[in-house]
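Dropping query37.csv in here (CSV, C-alpha atoms):
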```csv
chain,number,residue,atom,x,y,z
A,1,MET,CA,-14.4,-3.6,8.3
A,2,PRO,CA,-14.4,-6.7,10.5
A,3,VAL,CA,-14.1,-8.9,7.5
A,4,ALA,CA,-11.2,-6.9,6.1
A,5,VAL,CA,-9.4,-7.2,9.4
A,6,ALA,CA,-10.1,-11.0,9.7
A,7,ALA,CA,-8.9,-11.5,6.1
A,8,ALA,CA,-5.7,-9.5,6.6
A,9,ARG,CA,-4.9,-11.5,9.8
A,10,ALA,CA,-5.6,-14.7,7.9
A,11,GLY,CA,-3.0,-13.8,5.3
A,12,GLY,CA,-0.6,-12.7,8.0
A,13,ALA,CA,-0.9,-16.0,9.8
A,14,VAL,CA,0.2,-17.8,6.6
A,15,LEU,CA,3.2,-15.6,6.2
A,16,ALA,CA,4.2,-16.0,9.9
A,17,ALA,CA,4.1,-19.8,9.5
A,18,THR,CA,6.1,-19.8,6.2
A,19,ASP,CA,9.8,-20.5,6.1
A,20,ARG,CA,11.0,-17.8,3.8
A,21,THR,CA,14.1,-19.8,2.7
A,22,ARG,CA,11.9,-22.6,1.3
A,23,VAL,CA,9.5,-20.7,-0.9
A,24,ASP,CA,9.3,-20.9,-4.6
A,25,VAL,CA,10.5,-17.7,-6.3
A,26,THR,CA,9.4,-16.4,-9.7
A,27,LEU,CA,10.9,-13.4,-11.5
A,28,LYS,CA,8.3,-11.0,-12.9
A,29,ASP,CA,10.9,-8.9,-14.7
A,30,ALA,CA,14.6,-9.4,-15.7
A,31,ARG,CA,16.0,-9.1,-12.2
A,32,VAL,CA,14.1,-7.2,-9.5
A,33,ASP,CA,10.4,-7.8,-9.4
A,34,ILE,CA,9.6,-11.2,-7.8
A,35,THR,CA,6.6,-13.2,-6.6
A,36,THR,CA,6.7,-16.3,-4.3
A,37,SER,CA,4.6,-19.2,-3.3
A,38,ALA,CA,4.0,-17.3,0.0
A,39,ASP,CA,2.3,-14.5,-2.0
A,40,ALA,CA,-0.1,-17.0,-3.5
A,41,ALA,CA,-0.7,-18.9,-0.2
A,42,SER,CA,-1.4,-15.7,1.7
A,43,GLN,CA,-3.8,-14.4,-0.9
A,44,ALA,CA,-5.6,-17.7,-1.0
A,45,ALA,CA,-6.2,-17.4,2.8
A,46,VAL,CA,-7.4,-13.8,2.4
A,47,ILE,CA,-9.8,-14.8,-0.3
A,48,ALA,CA,-11.1,-17.7,1.7
A,49,ALA,CA,-11.9,-15.4,4.6
A,50,ILE,CA,-13.7,-12.9,2.4
A,51,ARG,CA,-15.7,-15.5,0.5
A,52,ARG,CA,-16.9,-17.2,3.7
A,53,ALA,CA,-18.5,-13.9,4.7
A,54,PHE,CA,-19.4,-12.6,1.2
A,55,PRO,CA,-19.4,-15.5,-1.3
A,56,GLU,CA,-20.9,-13.2,-4.0
A,57,HIS,CA,-18.2,-10.6,-3.9
A,58,GLY,CA,-15.4,-10.5,-6.4
A,59,VAL,CA,-11.7,-10.2,-5.7
A,60,ILE,CA,-8.9,-8.4,-7.6
A,61,GLY,CA,-5.5,-9.6,-6.3
A,62,GLU,CA,-1.9,-9.3,-7.3
A,63,GLU,CA,-1.7,-13.0,-7.7
A,64,GLY,CA,-5.0,-13.3,-9.7
A,65,ASP,CA,-8.7,-12.5,-9.6
A,66,VAL,CA,-11.9,-14.2,-8.5
A,67,ALA,CA,-15.1,-13.3,-10.2
A,68,GLY,CA,-18.2,-12.5,-8.1
A,69,ALA,CA,-21.9,-12.4,-8.8
A,70,ASP,CA,-22.2,-9.0,-7.1
A,71,PRO,CA,-20.6,-6.3,-9.3
A,72,ARG,CA,-21.1,-3.6,-6.7
A,73,HIS,CA,-18.6,-5.1,-4.3
A,74,VAL,CA,-15.0,-5.8,-5.2
A,75,TRP,CA,-12.1,-6.6,-2.8
A,76,LEU,CA,-8.6,-5.4,-3.6
A,77,VAL,CA,-6.0,-7.8,-2.1
A,78,ASP,CA,-2.2,-8.0,-1.8
A,79,GLY,CA,-1.4,-11.1,0.1
A,80,LEU,CA,2.3,-10.1,0.5
A,81,ASP,CA,3.2,-6.4,0.0
A,82,GLY,CA,7.0,-6.3,0.3
A,83,THR,CA,7.8,-9.6,-1.2
A,84,SER,CA,11.6,-9.0,-1.7
A,85,ASN,CA,11.8,-7.9,2.0
A,86,PHE,CA,10.1,-11.0,3.1
A,87,ARG,CA,12.3,-13.2,0.9
A,88,HIS,CA,15.4,-11.7,2.4
A,89,GLY,CA,14.3,-11.7,6.0
A,90,ILE,CA,13.9,-7.9,6.2
A,91,PRO,CA,11.1,-7.3,8.7
A,92,TRP,CA,9.0,-4.8,6.7
A,93,TYR,CA,6.1,-6.4,4.8
A,94,CYS,CA,2.4,-6.8,5.2
A,95,VAL,CA,-1.0,-8.0,4.0
A,96,SER,CA,-3.3,-5.4,2.4
A,97,VAL,CA,-7.1,-5.8,2.1
A,98,ALA,CA,-9.7,-3.3,0.9
A,99,LEU,CA,-13.3,-3.3,-0.1
A,100,ARG,CA,-14.4,-1.1,-3.0
A,101,CYS,CA,-18.2,-0.4,-3.1
A,102,ARG,CA,-20.3,0.9,-6.0
A,103,GLU,CA,-23.6,2.1,-4.5
A,104,HIS,CA,-25.8,5.2,-4.6
A,105,GLY,CA,-23.8,6.8,-7.4
A,106,ALA,CA,-20.5,6.4,-5.6
A,107,ASP,CA,-17.6,4.1,-6.3
A,108,GLU,CA,-15.0,4.2,-3.5
A,109,VAL,CA,-13.1,2.1,-1.0
A,110,VAL,CA,-15.2,1.8,2.2
A,111,ALA,CA,-13.1,-0.5,4.4
A,112,GLY,CA,-9.5,-1.4,4.6
A,113,ALA,CA,-7.0,-3.3,6.7
A,114,VAL,CA,-3.2,-3.6,6.6
A,115,PHE,CA,-1.6,-6.2,8.8
A,116,ASP,CA,2.1,-6.4,9.7
A,117,PRO,CA,2.7,-10.0,11.0
A,118,VAL,CA,6.2,-9.3,12.1
A,119,HIS,CA,5.3,-6.7,14.6
A,120,ASP,CA,1.7,-7.8,15.1
A,121,GLU,CA,0.5,-4.4,14.0
A,122,LEU,CA,-3.0,-4.0,12.5
A,123,TRP,CA,-4.0,-0.8,10.7
A,124,SER,CA,-7.6,-0.4,9.7
A,125,ALA,CA,-10.2,2.2,8.6
A,126,GLY,CA,-13.8,2.5,7.6
A,127,ARG,CA,-15.0,5.4,5.4
A,128,GLY,CA,-16.1,8.2,7.6
A,129,ARG,CA,-15.2,6.2,10.8
A,130,GLY,CA,-11.6,7.2,11.3
A,131,ALA,CA,-8.4,5.0,11.3
A,132,THR,CA,-6.7,3.0,14.0
A,133,GLY,CA,-3.5,1.2,14.6
A,134,ASN,CA,-4.0,-1.7,17.0
A,135,GLY,CA,-7.1,0.0,18.2
A,136,VAL,CA,-5.6,3.4,18.9
A,137,ALA,CA,-6.8,6.3,16.8
A,138,LEU,CA,-4.4,7.4,14.1
A,139,GLU,CA,-3.5,11.0,13.2
A,140,VAL,CA,-0.9,12.2,10.7
A,141,ASP,CA,1.9,14.4,12.1
A,142,ASP,CA,1.9,18.2,11.8
A,143,THR,CA,5.2,18.7,9.9
A,144,ALA,CA,4.6,21.8,7.8
A,145,ALA,CA,7.9,22.2,6.1
A,146,LEU,CA,9.1,19.9,3.4
A,147,SER,CA,12.7,20.6,4.6
A,148,ARG,CA,11.7,18.8,7.8
A,149,ALA,CA,9.8,15.9,6.2
A,150,VAL,CA,10.9,12.3,5.9
A,151,VAL,CA,9.8,11.1,2.5
A,152,VAL,CA,9.7,7.6,1.1
A,153,SER,CA,10.3,7.1,-2.7
A,154,GLN,CA,11.1,3.9,-4.5
A,155,ILE,CA,10.8,1.9,-7.6
A,156,GLN,CA,10.6,-1.9,-8.4
A,157,SER,CA,11.9,-2.3,-11.9
A,158,SER,CA,14.9,-3.5,-13.9
A,159,ASP,CA,14.1,-1.2,-16.8
A,160,PRO,CA,17.1,1.2,-17.2
A,161,SER,CA,14.9,4.1,-18.5
A,162,ALA,CA,12.5,3.8,-15.5
A,163,ILE,CA,15.5,3.6,-13.1
A,164,GLY,CA,16.9,6.7,-14.7
A,165,ALA,CA,13.7,8.6,-14.3
A,166,PHE,CA,13.5,7.5,-10.7
A,167,THR,CA,16.9,8.7,-9.8
A,168,THR,CA,15.9,12.2,-11.0
A,169,VAL,CA,13.0,12.1,-8.6
A,170,PHE,CA,15.1,10.8,-5.8
A,171,GLU,CA,17.7,13.5,-6.3
A,172,ALA,CA,15.1,16.2,-6.3
A,173,LEU,CA,13.7,14.9,-3.1
A,174,MET,CA,17.1,14.6,-1.5
A,175,ASN,CA,17.6,18.3,-2.3
A,176,ALA,CA,14.3,19.3,-0.8
A,177,ALA,CA,13.2,17.0,2.0
A,178,GLY,CA,14.6,16.4,5.5
A,179,GLY,CA,15.3,12.8,4.6
A,180,VAL,CA,14.5,10.2,1.9
A,181,ARG,CA,14.0,6.5,2.4
A,182,PHE,CA,13.5,3.5,0.2
A,183,VAL,CA,11.8,0.8,2.2
A,184,GLY,CA,9.3,-1.2,0.1
A,185,ALA,CA,5.7,-2.3,1.0
A,186,PRO,CA,3.5,0.7,-0.1
A,187,ALA,CA,0.5,-0.3,2.0
A,188,LEU,CA,2.7,-0.3,5.1
A,189,ILE,CA,4.3,3.0,4.2
A,190,LEU,CA,0.9,4.7,3.9
A,191,SER,CA,-0.1,3.2,7.3
A,192,HIS,CA,3.0,4.7,8.9
A,193,ILE,CA,2.3,8.1,7.4
A,194,ALA,CA,-1.2,7.8,8.9
A,195,ALA,CA,0.5,7.1,12.3
A,196,GLY,CA,2.8,10.1,12.0
A,197,HIS,CA,6.0,8.2,11.5
A,198,TYR,CA,6.8,9.1,7.8
A,199,THR,CA,5.6,12.4,6.3
A,200,ALA,CA,5.2,11.5,2.7
A,201,TYR,CA,5.5,8.9,-0.1
A,202,VAL,CA,6.1,9.2,-3.8
A,203,GLU,CA,6.0,6.4,-6.4
A,204,ARG,CA,4.9,5.9,-10.0
A,205,ALA,CA,2.5,3.3,-11.5
A,206,MET,CA,1.0,1.8,-8.4
A,207,ALA,CA,-1.8,-0.8,-8.6
A,208,SER,CA,-5.0,-0.6,-6.7
A,209,TRP,CA,-4.1,-3.6,-4.5
A,210,ASP,CA,-0.9,-1.7,-3.4
A,211,ILE,CA,-2.6,1.5,-2.3
A,212,SER,CA,-6.3,1.2,-1.7
A,213,ALA,CA,-6.3,0.1,1.9
A,214,GLY,CA,-3.4,2.4,2.8
A,215,GLN,CA,-5.1,5.3,1.1
A,216,LEU,CA,-8.2,4.9,3.1
A,217,ILE,CA,-6.3,4.6,6.4
A,218,LEU,CA,-4.2,7.7,5.5
A,219,GLU,CA,-7.2,9.8,4.5
A,220,GLU,CA,-9.1,8.8,7.6
A,221,ALA,CA,-6.1,9.9,9.7
A,222,GLY,CA,-6.1,13.3,8.1
A,223,GLY,CA,-3.7,12.8,5.2
A,224,ARG,CA,-3.9,13.2,1.5
A,225,LEU,CA,-3.2,11.1,-1.5
A,226,THR,CA,-3.2,12.4,-5.1
A,227,ASP,CA,-1.5,11.8,-8.5
A,228,PHE,CA,1.5,13.9,-9.5
A,229,ALA,CA,-0.9,16.6,-10.9
A,230,GLY,CA,-2.6,17.0,-7.5
A,231,LYS,CA,-5.8,15.2,-8.3
A,232,ARG,CA,-7.2,12.9,-5.6
A,233,VAL,CA,-6.9,9.2,-6.6
A,234,ALA,CA,-10.4,7.9,-6.8
A,235,SER,CA,-10.3,5.1,-9.4
A,236,ALA,CA,-8.9,1.6,-9.2
A,237,ALA,CA,-6.6,2.3,-12.2
A,238,VAL,CA,-2.8,2.1,-12.0
A,239,THR,CA,-1.7,5.6,-10.9
A,240,ASP,CA,1.3,7.7,-9.8
A,241,VAL,CA,1.1,8.4,-6.1
A,242,VAL,CA,1.9,11.4,-3.9
A,243,ALA,CA,0.8,10.8,-0.3
A,244,THR,CA,1.4,13.1,2.5
A,245,ASN,CA,0.3,14.3,6.0
A,246,GLY,CA,-1.4,17.2,4.2
A,247,PRO,CA,0.5,20.4,5.1
A,248,ILE,CA,3.5,19.6,2.9
A,249,HIS,CA,1.5,18.3,0.0
A,250,GLU,CA,1.6,21.4,-2.3
A,251,ALA,CA,5.3,21.9,-1.7
A,252,LEU,CA,6.0,18.3,-2.6
A,253,LEU,CA,3.9,18.6,-5.8
A,254,ALA,CA,5.8,21.7,-6.7
A,255,VAL,CA,9.1,19.9,-6.5
A,256,LEU,CA,7.8,17.1,-8.7
A,257,ALA,CA,6.3,19.6,-11.2
A,258,ARG,CA,9.8,21.0,-11.8
A,259,LEU,CA,11.2,17.7,-13.0
```

Re-express the file's structure as structure tokens.
Amino acid sequence: MPVAVAAARAGGAVLAATDRTRVDVTLKDARVDITTSADAASQAAVIAAIRRAFPEHGVIGEEGDVAGADPRHVWLVDGLDGTSNFRHGIPWYCVSVALRCREHGADEVVAGAVFDPVHDELWSAGRGRGATGNGVALEVDDTAALSRAVVVSQIQSSDPSAIGAFTTVFEALMNAAGGVRFVGAPALILSHIAAGHYTAYVERAMASWDISAGQLILEEAGGRLTDFAGKRVASAAVTDVVATNGPIHEALLAVLARL
């Protein structure tokens, strides 16, 4: 876990030192999904920190991969989660770093860190060791009714059909939950559910670098993360995500099942 923390802070230092108005911006779709030179620079700093400690480990990152000689250990990195927020000066973005380990018949994330450089907030967890936010133990909130829950749901796409499907989900949540938000930065959302601030999060087609660290932090804080069918997410494949504090999970799944 110390390496994950150091790597996340290294990426955050790059973001904090970057003038958002002077970054290069590249569209990844027709209009909405962007990447910037800050994403690449932060990821490079993260990878450098990881490789100093573990030069044989591989890295899978949103801005590209680095092969490693040790196939048992792979890092999942998002150097800037919440790129559009960063680009527009909205103070809600982070760096996400997770280590996935394949040993003794298991294949799971064993350490993770999410760093918010705007508020100097570090969220971290080790498998079986609990989760902390700036050193304070995290615990999900105890909201038991979906009608009292604050749920985050979002999409990053310019595809009209995907947008149409999302608005159906959003409407269903608006009719069932105590509040619905669209904030960006999935790793940060999951960390804030772990801290008891949000209650749940729903999004389709999420990559491993978006959710791996946040999932570990959430689960170690007592929360739950599954796909839309209720199966715990355990692989590094792209997946739909339903993440909650636990008590409202089945009720939220039931709402989604009716769509």

**Selected residue of minimal separation from A:Arg129 among A:Ala221, A:Ile50, A:Leu173, A:Ala236, counting all atoms listed in the file** = A:Ala221

**Request:** Find, counting all atoms listed in the file, the residue in A:Val25, A:Leu256, A:Val152, A:Ala49 that gets nearest to A:Ala243.
**Result:**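 Nearest candidate to A:Ala243 out of A:Val25, A:Leu256, A:Val152, A:Ala49: A:Val152.
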
**Message:** Quick one: residues within 8 Å of stretch 88-91 of chain A, only C-alpha atoms, excluding same-chain residues fewer than 3 positions away - as a ChimeraX atom specification?
**Reply:** /A:20,84-85,118

**Request:** Choose the residue, out of A:Glu220, A:Asp70, A:Asp81, A:Asp29, that has the smallest atom-to-atom separation from A:Pro117; count only C-alpha atoms.
**Result:**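 Of all the options, A:Asp81 lies closest to A:Pro117.
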
**Message:** Can you measure atom CA of A:Glu171 to atom CA of A:Asp33 for me? One decimal in Å is fine.
**Reply:**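 So the answer is 22.7 Å.
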
**Request:** Could you jot down the atom CA of A:Gly12 to atom CA of A:Gly79 separation for me, Å, one decimal place?
**Result:** 8.1 Å

**Message:** One number please: atom CA of A:Leu190 to atom CA of A:Val114, in Å, one decimal.
**Reply:** 9.6 Å

Would you list the contacts of A:Thr36 as a compact mmCIF listing (two decimals) with C-alpha atoms, in the frame of the given file, taking every protein, DNA or RNA residue within 7 Å and counting only C-alpha atoms, but skipping same-chain residues closer than 4 positions in sequence?
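result36.txt, freshly written:
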```
# COMPACT_ATOMS: atom_id res chain seq x y z
CA VAL A 23 9.50 -20.70 -0.90
CA ASP A 24 9.30 -20.90 -4.60
CA VAL A 25 10.50 -17.70 -6.30
CA THR A 26 9.40 -16.40 -9.70
CA ALA A 40 -0.10 -17.00 -3.50
```

**Prompt:** Looking at A:Gly11, A:Gly184, A:Gly133, A:Gly179, which one is nearest to A:Val77, with distances taken over only C-alpha atoms?
**Reply:**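 With only C-alpha atoms as the atom set, the closest residue is A:Gly11.
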